[in-house]
Each structure stands twice: as structure tokens, then as C-alpha cells.
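Participant: Please find query_25.txt (compact mmCIF, C-alpha atoms) on the next line:
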```txt
# COMPACT_ATOMS: atom_id res chain seq x y z
CA MET A 21 79.24 -40.54 91.14
CA TYR A 22 77.20 -38.72 88.47
CA LYS A 23 76.10 -42.03 86.95
CA PHE A 24 75.02 -43.30 90.40
CA LEU A 25 73.00 -40.15 91.13
CA PHE A 26 71.39 -40.23 87.70
CA THR A 27 70.38 -43.88 88.09
CA THR A 28 69.03 -43.23 91.59
CA LEU A 29 66.99 -40.28 90.32
CA PHE A 30 65.57 -42.43 87.50
CA ILE A 31 64.45 -45.07 90.04
CA ILE A 32 62.84 -42.40 92.26
CA LEU A 33 60.96 -40.98 89.28
CA GLN A 34 59.70 -44.48 88.43
CA ILE A 35 58.27 -44.85 91.91
CA ALA A 36 56.68 -41.38 91.89
CA ALA A 37 55.20 -41.65 88.37
CA THR A 38 51.72 -43.05 87.89
CA ALA A 39 50.93 -45.79 85.40
CA GLN A 40 48.36 -44.82 82.77
CA PRO A 41 46.14 -47.79 81.82
CA VAL A 42 44.79 -48.12 78.29
CA PRO A 43 41.44 -49.97 78.50
CA MET A 44 40.91 -52.96 76.26
CA HIS A 45 37.96 -51.27 74.54
CA PRO A 46 37.63 -50.38 70.82
CA GLY A 47 37.61 -46.61 71.42
CA HIS A 48 41.12 -46.69 72.88
CA TRP A 49 42.93 -48.42 70.01
CA SER A 50 43.58 -47.44 66.41
CA GLY A 51 44.28 -49.57 63.40
CA ASP A 52 42.40 -51.95 61.14
CA SER A 53 39.25 -52.92 63.07
CA LEU A 54 39.30 -56.32 61.34
CA LYS A 55 42.57 -57.08 63.11
CA THR A 56 41.17 -56.82 66.63
CA THR A 57 38.39 -58.20 68.80
CA PHE A 58 37.58 -57.32 72.41
CA GLN A 59 36.22 -59.81 74.93
CA VAL A 60 36.42 -61.09 78.50
CA MET A 61 38.77 -64.02 79.04
CA ASP A 62 39.94 -65.57 82.32
CA GLY A 63 37.94 -62.90 84.15
CA ARG A 64 39.82 -60.01 82.51
CA GLU A 65 39.19 -57.63 79.62
CA VAL A 66 41.20 -58.72 76.63
CA LEU A 67 42.25 -57.37 73.25
CA THR A 68 42.86 -60.13 70.71
CA LEU A 69 45.03 -59.09 67.78
CA HIS A 70 44.95 -61.31 64.72
CA ARG A 71 48.13 -60.05 63.04
CA GLY A 72 50.28 -56.95 62.74
CA THR A 73 50.23 -53.85 64.95
CA VAL A 74 47.51 -51.99 66.83
CA TRP A 75 48.28 -48.61 68.45
CA ALA A 76 46.99 -46.98 71.64
CA LYS A 77 45.00 -43.91 70.59
CA ASP A 78 46.25 -40.40 71.37
CA VAL A 79 49.35 -41.57 73.27
CA LEU A 80 52.76 -40.00 72.66
CA PHE A 81 55.52 -41.89 74.45
CA GLY A 82 59.21 -41.06 74.76
CA ASP A 83 60.86 -42.38 77.92
CA GLY A 84 59.18 -44.46 80.58
CA ILE A 85 57.69 -47.89 81.22
CA ILE A 86 55.31 -49.99 79.13
CA GLU A 87 53.61 -53.08 80.55
CA VAL A 88 51.21 -55.73 79.29
CA ASP A 89 50.07 -59.29 80.02
CA ILE A 90 50.27 -61.76 77.13
CA SER A 91 48.38 -65.04 77.00
CA VAL A 92 50.31 -68.24 76.50
CA SER A 93 48.55 -71.19 74.95
CA PRO A 94 49.24 -74.20 72.72
CA LYS A 95 48.55 -71.84 69.81
CA LYS A 96 51.71 -69.79 70.30
CA SER A 97 52.91 -66.74 68.45
CA LEU A 98 55.68 -64.18 68.13
CA THR A 99 54.32 -61.21 70.05
CA GLY A 100 55.33 -58.09 71.91
CA ILE A 101 55.36 -54.33 72.35
CA SER A 102 56.03 -51.63 69.75
CA PHE A 103 57.07 -48.15 70.83
CA ARG A 104 58.18 -44.77 69.48
CA GLY A 105 56.24 -45.43 66.28
CA ASP A 106 55.96 -42.74 63.60
CA GLN A 107 53.86 -42.02 60.53
CA GLU A 108 56.36 -43.81 58.29
CA GLN A 109 55.61 -47.10 60.10
CA THR A 110 59.05 -47.08 61.71
CA CYS A 111 59.27 -48.09 65.37
CA GLU A 112 61.16 -50.02 68.02
CA ASN A 113 59.89 -53.52 68.77
CA ILE A 114 60.69 -56.02 71.54
CA TYR A 115 58.90 -59.31 71.31
CA LEU A 116 58.69 -62.80 72.76
CA ARG A 117 59.25 -65.75 70.46
CA VAL A 118 57.22 -68.17 72.56
CA PRO A 119 57.43 -71.09 70.09
CA LEU A 120 61.23 -70.92 70.47
CA SER A 121 61.14 -71.26 74.28
CA GLY A 122 64.53 -72.22 75.69
CA ARG A 123 66.53 -71.15 72.66
CA ASP A 124 69.08 -68.36 72.54
CA ASP A 125 66.74 -66.32 70.34
CA ALA A 126 63.57 -66.75 72.40
CA ILE A 127 63.50 -62.96 72.93
CA GLN A 128 64.29 -60.47 70.22
CA TYR A 129 64.67 -56.75 69.74
CA ALA A 130 64.25 -55.56 66.18
CA PRO A 131 63.62 -52.10 64.77
CA PHE A 132 60.89 -51.86 62.16
CA PHE A 133 61.61 -49.57 59.22
CA HIS A 134 58.67 -48.73 56.96
CA ASN A 135 56.66 -51.65 58.37
CA GLU A 136 59.43 -54.21 57.84
CA ASP A 137 61.06 -56.23 60.62
CA TYR A 138 64.88 -55.95 60.45
CA TRP A 139 65.81 -58.68 62.93
CA GLN A 140 68.36 -60.30 60.60
CA LEU A 141 70.63 -57.27 60.93
CA TYR A 142 70.81 -57.31 64.73
CA PRO A 143 71.59 -60.80 66.05
CA GLU A 144 73.32 -59.22 69.06
CA HIS A 145 69.90 -58.20 70.41
CA GLN A 146 68.55 -61.65 71.30
CA ALA A 147 68.25 -63.61 74.54
CA LYS A 148 67.32 -66.98 75.93
CA TYR A 149 64.15 -67.56 77.94
CA VAL A 150 61.94 -70.50 78.95
CA TYR A 151 58.22 -69.72 78.79
CA PRO A 152 55.34 -71.42 80.61
CA GLN A 153 53.06 -73.59 78.50
CA THR A 154 49.83 -71.88 79.56
CA GLY A 155 48.58 -68.84 81.49
CA TRP A 156 49.77 -65.24 81.26
CA VAL A 157 53.25 -63.74 80.84
CA HIS A 158 53.92 -60.16 81.99
CA MET A 159 56.15 -57.92 79.85
CA LYS A 160 57.66 -54.73 81.29
CA ILE A 161 59.87 -52.56 79.11
CA MET A 162 61.80 -49.66 80.63
CA VAL A 163 62.88 -47.11 78.00
CA LYS A 164 65.52 -44.52 78.78
CA GLY A 165 67.12 -42.44 76.03
CA ASN A 166 68.42 -44.84 73.42
CA THR A 167 68.31 -47.87 75.72
CA ALA A 168 65.64 -50.35 76.75
CA ARG A 169 65.40 -53.17 79.30
CA LEU A 170 62.86 -55.97 79.27
CA PHE A 171 61.65 -57.66 82.46
CA ILE A 172 59.41 -60.72 82.38
CA ASN A 173 56.93 -61.59 85.14
CA GLU A 174 58.39 -60.72 88.56
CA ASP A 175 62.04 -61.01 87.51
CA THR A 176 64.28 -58.26 88.90
CA VAL A 177 67.07 -59.02 86.41
CA PRO A 178 66.32 -57.91 82.83
CA ALA A 179 65.81 -60.71 80.34
CA LEU A 180 67.10 -58.45 77.56
CA VAL A 181 69.13 -55.24 77.57
CA VAL A 182 69.30 -53.08 74.45
CA ASN A 183 72.01 -50.45 74.70
CA HIS A 184 71.43 -49.00 71.25
CA LEU A 185 67.89 -48.53 69.97
CA ARG A 186 68.36 -48.31 66.23
CA THR A 187 65.73 -45.85 65.02
CA ALA A 188 66.31 -42.15 65.54
CA ASN A 189 62.83 -41.69 67.03
CA ARG A 190 62.83 -40.03 70.44
CA SER A 191 59.09 -40.38 70.93
CA GLY A 192 56.05 -41.76 69.17
CA LYS A 193 53.14 -44.18 69.35
CA ILE A 194 53.00 -47.28 71.53
CA GLY A 195 51.17 -50.46 70.69
CA LEU A 196 51.01 -54.23 70.43
CA TRP A 197 52.35 -56.52 67.71
CA CYS A 198 52.01 -60.18 66.83
CA LEU A 199 52.77 -62.47 63.93
CA SER A 200 49.57 -64.47 64.38
CA GLU A 201 46.58 -64.35 66.73
CA GLN A 202 47.45 -63.22 70.26
CA SER A 203 45.50 -61.97 73.31
CA PHE A 204 46.63 -59.08 75.55
CA SER A 205 45.43 -57.67 78.86
CA ASN A 206 46.36 -54.99 81.43
CA PHE A 207 48.19 -52.63 79.09
CA SER A 208 49.63 -49.49 80.69
CA TYR A 209 52.38 -46.93 80.26
CA THR A 210 54.23 -44.71 82.72
CA PRO A 211 55.75 -41.58 81.15
CA LEU A 212 59.04 -40.34 82.60
CA PRO A 213 61.20 -37.29 81.84
CA ALA A 214 63.33 -37.63 78.72
CA SER A 215 66.89 -38.85 79.15
CA PRO A 216 69.70 -37.86 76.78
CA PHE A 217 70.82 -40.36 74.19
CA THR A 218 74.15 -41.85 75.21
CA ALA A 219 77.05 -41.90 72.77
CA VAL A 220 77.49 -45.19 70.92
CA PRO A 221 81.12 -46.33 70.43
CA VAL A 222 82.26 -46.08 66.83
CA ARG A 223 83.93 -49.21 65.51
CA LYS A 224 87.55 -48.57 64.63
CA GLU A 225 88.83 -51.15 62.19
CA THR A 226 91.22 -50.77 59.28
CA GLY A 227 89.43 -50.89 55.96
CA LEU A 228 85.90 -50.79 57.37
CA VAL A 229 83.63 -49.19 54.76
CA THR A 230 81.50 -46.50 56.41
CA SER A 231 79.88 -44.78 53.41
CA TYR A 232 78.47 -45.95 50.09
CA GLN A 233 76.79 -44.61 46.97
CA LEU A 234 73.22 -45.94 46.99
CA SER A 235 70.80 -46.03 44.05
CA GLN A 236 67.02 -45.84 44.04
CA ALA A 237 65.13 -49.10 44.61
CA PHE A 238 63.72 -51.37 41.91
CA THR A 239 61.24 -54.22 42.22
CA ILE A 240 62.40 -57.42 40.51
CA ALA A 241 60.99 -60.92 40.10
CA LYS A 242 61.41 -63.14 43.15
CA LYS A 243 63.02 -65.91 41.10
CA THR A 244 65.71 -63.60 39.72
CA LYS A 245 69.06 -65.40 39.79
CA THR A 246 71.05 -63.37 37.28
CA LEU A 247 71.60 -59.62 37.09
CA VAL A 248 73.05 -57.69 34.19
CA TYR A 249 75.57 -54.94 34.85
CA PRO A 250 73.48 -51.75 34.87
CA THR A 251 75.14 -49.83 32.03
CA ASP A 252 71.82 -48.85 30.45
CA MET A 253 69.99 -47.96 33.65
CA SER A 254 69.33 -44.42 34.81
CA LEU A 255 70.71 -44.66 38.33
CA ARG A 256 70.45 -41.80 40.82
CA TRP A 257 73.05 -41.85 43.57
CA ASP A 258 72.92 -40.73 47.19
CA THR A 259 75.84 -40.90 49.60
CA VAL A 260 74.73 -42.86 52.68
CA THR A 261 76.56 -43.65 55.90
CA THR A 262 76.64 -46.76 58.02
CA GLU A 263 75.70 -47.20 61.65
CA GLU A 264 78.44 -46.95 64.27
CA ASP A 265 79.42 -50.60 63.87
CA GLY A 266 79.78 -50.38 60.08
CA LEU A 267 76.37 -51.82 59.19
CA LEU A 268 74.52 -50.31 56.25
CA ASN A 269 70.81 -50.71 56.98
CA ILE A 270 69.27 -50.09 53.57
CA GLY A 271 65.78 -49.93 55.10
CA LYS A 272 66.68 -46.57 56.68
CA TYR A 273 67.10 -45.08 53.22
CA ARG A 274 64.82 -46.98 50.85
CA PHE A 275 61.21 -48.18 50.91
CA LYS A 276 60.18 -51.61 49.72
CA LYS A 277 57.24 -51.66 47.33
CA THR A 278 55.41 -54.17 49.56
CA SER A 279 56.41 -54.74 53.19
CA GLY A 280 55.12 -56.23 56.43
CA THR A 281 54.04 -59.56 54.94
CA PHE A 282 57.33 -61.46 55.17
CA GLU A 283 57.79 -63.91 52.27
CA GLN A 284 54.78 -62.33 50.53
CA ASN A 285 56.68 -59.02 50.26
CA SER A 286 57.97 -57.73 46.95
CA ASN A 287 61.58 -58.48 46.03
CA ASP A 288 63.37 -55.13 45.87
CA LEU A 289 66.85 -54.33 44.61
CA VAL A 290 69.27 -51.44 45.08
CA TRP A 291 72.68 -50.86 43.57
CA ILE A 292 75.61 -49.89 45.77
CA LYS A 293 78.75 -48.34 44.31
CA ILE A 294 82.26 -48.06 45.72
CA ASP A 295 85.00 -46.32 43.75
CA LEU A 296 88.47 -47.72 44.38
CA THR A 297 91.77 -46.28 43.23
CA SER A 298 94.91 -48.39 43.10
CA ALA A 299 98.47 -47.20 42.50
CA GLU A 300 99.21 -50.46 40.72
CA ALA A 301 97.52 -53.62 39.53
CA ARG A 302 97.01 -55.76 42.63
CA THR A 303 94.54 -58.00 44.44
CA LYS A 304 92.73 -56.80 47.57
CA LYS A 305 90.67 -58.81 50.00
CA MET A 306 87.11 -57.72 50.72
CA ASP A 307 85.30 -59.18 53.75
CA LEU A 308 81.53 -58.84 53.75
CA ASP A 309 78.20 -60.12 54.96
CA PHE A 310 74.73 -59.23 53.73
CA THR A 311 71.00 -59.92 53.55
CA ASN A 312 69.48 -61.31 51.47
CA ARG A 313 70.88 -61.88 47.94
CA ILE A 314 73.87 -60.15 46.36
CA TRP A 315 75.64 -59.74 43.02
CA VAL A 316 79.11 -58.14 42.90
CA PHE A 317 80.60 -56.62 39.73
CA LEU A 318 84.13 -55.26 39.41
CA ASN A 319 84.80 -53.03 36.40
CA GLY A 320 81.71 -54.39 34.69
CA GLN A 321 82.41 -58.09 35.25
CA ILE A 322 80.52 -60.22 37.77
CA ILE A 323 82.80 -61.81 40.35
CA TYR A 324 80.37 -63.10 42.97
CA HIS A 325 76.75 -64.06 43.64
CA GLY A 326 75.50 -65.13 47.08
CA ASP A 327 72.19 -65.96 48.74
CA HIS A 328 71.71 -65.40 52.48
CA SER A 329 67.94 -65.57 52.49
CA TYR A 330 66.08 -66.67 55.60
CA ARG A 331 64.85 -70.26 55.38
CA LEU A 332 67.01 -70.88 52.35
CA LYS A 333 65.57 -73.86 50.51
CA GLY A 334 66.86 -77.13 51.91
CA SER A 335 68.28 -75.61 55.11
CA PHE A 336 67.40 -73.85 58.37
CA TYR A 337 69.69 -70.94 57.56
CA LYS A 338 68.58 -67.73 59.33
CA GLY A 339 70.36 -65.22 57.13
CA LEU A 340 71.72 -63.28 60.12
CA ILE A 341 74.42 -60.71 59.36
CA ASP A 342 77.65 -61.64 61.10
CA LYS A 343 79.54 -58.46 61.92
CA ARG A 344 82.76 -60.28 62.85
CA PHE A 345 83.72 -60.96 59.22
CA ILE A 346 84.10 -64.72 59.61
CA SER A 347 81.85 -65.69 56.72
CA ASP A 348 82.24 -64.43 53.15
CA ALA A 349 85.34 -62.91 51.58
CA LEU A 350 86.18 -61.85 48.03
CA PHE A 351 89.46 -61.13 46.31
CA LEU A 352 89.28 -58.08 44.07
CA PRO A 353 91.69 -58.02 41.10
CA LEU A 354 92.17 -54.26 40.86
CA GLN A 355 93.64 -52.60 37.81
CA LYS A 356 95.97 -49.63 38.06
CA GLY A 357 94.03 -46.39 38.50
CA LYS A 358 90.26 -46.17 38.96
CA ASN A 359 88.10 -49.21 39.65
CA GLU A 360 84.34 -49.43 40.03
CA LEU A 361 82.85 -51.93 42.48
CA MET A 362 79.11 -52.29 41.83
CA ILE A 363 76.95 -54.36 44.18
CA GLY A 364 73.34 -55.31 43.54
CA ILE A 365 71.54 -56.38 46.72
CA SER A 366 67.94 -57.55 46.92
CA SER A 367 65.61 -58.48 49.76
CA VAL A 368 62.19 -59.99 50.17
CA ALA A 369 61.87 -60.11 53.97
CA ASN A 370 63.51 -59.73 57.39
CA GLY A 371 66.37 -57.43 56.51
CA TRP A 372 68.15 -55.50 53.79
CA GLY A 373 71.72 -54.64 54.59
CA LEU A 374 75.46 -54.94 54.07
CA ILE A 375 78.67 -54.73 56.07
CA SER A 376 82.12 -54.78 54.48
CA LYS A 377 85.76 -53.94 54.82
CA ILE A 378 88.49 -53.75 52.18
CA GLU A 379 92.12 -54.27 53.14
```
What do you get writing this file as C-alpha cells?
Facilitator:
Amino acid sequence: MYKFLFTTLFIILQIAATAQPVPMHPGHWSGDSLKTTFQVMDGREVLTLHRGTVWAKDVLFGDGIIEVDISVSPKKSLTGISFRGDQEQTCENIYLRVPLSGRDDAIQYAPFFHNEDYWQLYPEHQAKYVYPQTGWVHMKIMVKGNTARLFINEDTVPALVVNHLRTANRSGKIGLWCLSEQSFSNFSYTPLPASPFTAVPVRKETGLVTSYQLSQAFTIAKKTKTLVYPTDMSLRWDTVTTEEDGLLNIGKYRFKKTSGTFEQNSNDLVWIKIDLTSAEARTKKMDLDFTNRIWVFLNGQIIYHGDHSYRLKGSFYKGLIDKRFISDALFLPLQKGKNELMIGISSVANGWGLISKIE
């Protein structure tokens, strides 16, 4: 009954609230002026963004509705709405992947951490959609607490439902994002009273690793294929925890030297340490998945190297993290007493993370 009343109240508030338009004029948008142009197209005022993000000036948004029209043309792009952005260039982002019309990943939610898109870590937040070839597509995002729903055009059924927005931001900037040139029109937002964040179920699974020791970040050469065990490095350790499903999103804790430019980013490395104690010499199974490249050392000896980079040479591999543990597995030959598991993990673009369990 409470849930029904709460939902009904939210709908009533939507009806009563007034949409606030943001004119497509230079004085209403912040960001690199070289990224944007303003013009009239198809009889409407249009903002054309050449790449990246542009923010509505002097707007603080928490819960509510954001709407915009997006042009569709033969020159198609990945494009959408950013919201709850902060000064660290972290935000929520829902975008249309128009060139992938009809595929299961034609719509995508991905949090941005420090200006880097982390879509590889959240394959569960994708949806199928078929886009028109020309004209305008209307996006409407309804944000409530830590959830968001996307409606396209006049659809009454959401095209995408996100039940767990991954940043901790409760409010922030709103804006527009695209991978390459895109035109927008009729941007508006409707603020609504804040809703509480709903509890996210914690994954209960034997052996799931939920905390790690994490080092500072280092920038390494992109062609690095071999790592040396870091005995002579001055490593500083922080204890970090995973998200509720066991995923360690490294981007929440460490900056990349260069971000936001995909394959042109720097290649950054962190070390992750897990201390294991065994009552006897035995072998344990370790299930894991990761982005992008990993080196695993046990007691100073390398036992595994893997590459899950997006667009891995010679394949169409996406590098998505699979949280079901049906991909990689290692067998750890533990000695009696203390054992040190040291993992080096590097990333250029699209994600930087790890999920693991040890039997």
C-alpha cells in the first residue's frame, strides 16, 4: 500500500511540476566554446555539440525529469543526457547508440568517473531499440532516488530501467554528451522533490571477494606485455570495498592520467593485493573477470596474464565484465601459512575493474 501511495504521489508531482526550458543560446551553456555551435535547423533552435559534454549553466538537478530532442541523420553518433555531474567530472549518463539500432546494446547506461566512460563494467544496463533513419528522437529520463527510467518518443513503456545508479551523487549538473557531432533541440528539466535512495541487495555468494588492498596508480607504456613483480616499488595501500554485487570499480578510487579520449587515453596500472592464509599446502580455485589487462602473481611468481581490452586486435571482443563467473578461472597453489596474491591491472579506455571469488 505504501509503495502504491508513494508512486501515485510521484506521478501527481510530475503533473503539477513545471518544465524549465534551457534555451539553445550560448549564454545558457558552459563548457569549451569550440565544442558547440548554435543555429536554426528544421525551424527550431539547435545546439550542435562536436564531441564530449556541455552543461546547462547554473542548474542543480537532483530528482525529476530531463527531456531533449536529438537529430537522427546518416551521420550517426552515440549521444545522450548526462546528469548529477560534479566538479570531479563524475556523472550519470544515459545515451542512445544510434549506429547500433536494433541490437541488444542500442541503449546504454554508464556512469562516468573522472571523465571516463565505464560501460564495460555494467553490461546489465543495456537495451534493444530500433531507431528511425532520419528526423528527431525524443529522450525523456525520469530520475528518482538511485533509479532512472528512459522513455523514447511517445512510448509509455520505458526503453531502459536503471535500478541502481552507480555514482553516489544525489544532485549535480545536467547536460548533453556525444561521441561525435550531434544536434540537440528542446532541452528542459522538471525538478521534483528528492526521493530516498532504495537499498540495493547485497550479493551473497561463498568466497566472493568484497575488499582489496589497492595501490596508487602508475602510467605505463601502452604496448606493455610483461610486468615485473613489484618488490622494489614503493607501494602505498588503501583498503577499498566493492559494490553490492562484488564489482571493484577502480575508477571510483583512482584517477587516470589522461581520460575521456578513449583509445587515446593513457595506459594506467594499479596493483591489488589479497593476503591468503592456508592451514596446509593446497590448491584453491579463483574465478574472476576484469577490464582491461591483468597480471597475477602468487608468492612472487607470475601465474596468469590476460587481455580483455575492447576491440582486441583481430576480434570484435567488447571486454565486458561478466559477473556470473563463467569466463576465466585460476588455480592457486597455496603454500602452508601466509600467501600473497598480487594483481596488476591496467586500462586504457572504457573501464577499469575486477570481480573475483576464491573457493
Participant: What's around His328 of chain A at 12 Å? Count all atoms listed in the file, leave out sequence neighbours fewer than 5 positions away in its own chain, and write the answer as number ranges by chain.
Facilitator: A: 140-141, 308-315, 333, 335-342, 347-348, 365-374
Participant: Any idea what's packed within 9 Å of Asn166 of chain A, counting only C-alpha atoms, ignoring anything in its chain fewer than 4 positions away? Could you give it as JSON, numbers by chain?
Facilitator: {"A": [182, 183, 184, 185, 186, 187, 188, 190, 215, 216, 217, 218]}
Participant: Find, counting all atoms listed in the file, the residue in A:Gln107, A:Ser97, A:Thr230, A:Asn285 that gets nearest to Arg71 of chain A.
Facilitator: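 Closest candidate: A:Ser97.
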Participant: At a cut-off of 10 Å, using all atoms listed in the file, what residues contact Gln321 of chain A? Leave out same-chain residues fewer than 5 positions from it and give the result as a PyMOL selection string.
Facilitator: chain A and resi 248-249+316+361-362
Participant: Which residues, written as a list in words, have at least one atom at most 10 Å from Leu268 of chain A, with all atoms listed in the file counted and residues fewer than 2 positions away on the same chain left out?
Facilitator: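 Final neighbour list, sorted by chain and number: Leu141, Val229, Thr230, Ser231, Tyr232, Val260, Thr261, Thr262, Glu263, Glu264, Asp265, Gly266, Ile270, Gly271, Lys272, Tyr273, Phe310, Trp372, Gly373, Leu374, Ile375 and Ser376 of chain A.
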Participant: Which residue out of A:Asn206, A:Thr56, A:Thr68, A:Ser329 has the minimum interatomic distance to Phe282 of chain A when only C-alpha atoms are used?
Facilitator: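 For Phe282 of chain A, the nearest of the candidates is A:Ser329.
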Participant: Which residues, protein or nucleic acid, reach to within 10 Å of (52.0, -65.2, 83.1) in the file's coordinates when using all atoms listed in the file, and can you give that as a list in words?
Facilitator: Asp89, Ile90, Ser91, Val92, Tyr151, Pro152, Gln153, Thr154, Gly155, Trp156, Val157, His158, Met159, Ile172, Asn173 and Glu174 of chain A
Participant: If we count only C-alpha atoms, what is near Asp78 of chain A at a cut-off of 12 Å, once residues fewer than 4 positions away on the same chain are taken out, given as a PDB file with C-alpha atoms, keeping the file's coordinate frame?
Facilitator:
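Printed below is part21.pdb as written:
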```pdb
ATOM      1  CA  VAL A  42      44.790 -48.120  78.290  1.00  0.00           C
ATOM      2  CA  GLY A  47      37.610 -46.610  71.420  1.00  0.00           C
ATOM      3  CA  HIS A  48      41.120 -46.690  72.880  1.00  0.00           C
ATOM      4  CA  TRP A  49      42.930 -48.420  70.010  1.00  0.00           C
ATOM      5  CA  SER A  50      43.580 -47.440  66.410  1.00  0.00           C
ATOM      6  CA  GLY A 192      56.050 -41.760  69.170  1.00  0.00           C
ATOM      7  CA  LYS A 193      53.140 -44.180  69.350  1.00  0.00           C
ATOM      8  CA  ILE A 194      53.000 -47.280  71.530  1.00  0.00           C
ATOM      9  CA  GLY A 195      51.170 -50.460  70.690  1.00  0.00           C
TER      10      GLY A 195
END
```
Participant: Which is closest to Val220 of chain A among A:Phe207, A:Arg302, A:Gly165, A:Ala130, if we use all atoms listed in the file?
Facilitator: A:Gly165
Participant: One decimal, Å: what's the distance from atom CA of Tyr138 of chain A over to atom CA of Trp197 of chain A, could you say?
Facilitator: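 Value for the atom CA of Tyr138 of chain A-atom CA of Trp197 of chain A distance: 14.5 Å.
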Participant: Please compute the atom CA of Ser235 of chain A-atom CA of Arg331 of chain A distance, one decimal, in Å.
Facilitator: 27.4 Å
Participant: For the point (60.3, -54.2, 37.3) in file coordinates, what residues are within 12 Å, counting only C-alpha atoms? Give the answer as a list in words?
Facilitator: Ala237, Phe238, Thr239, Ile240, Ala241, Lys242, Thr244, Lys277, Ser286, Asn287, Asp288 and Leu289 of chain A
Participant: Closest to Ile86 of chain A among A:Leu296, A:Leu228, A:Ala219, A:Leu212, using all atoms listed in the file?
Facilitator: A:Leu212
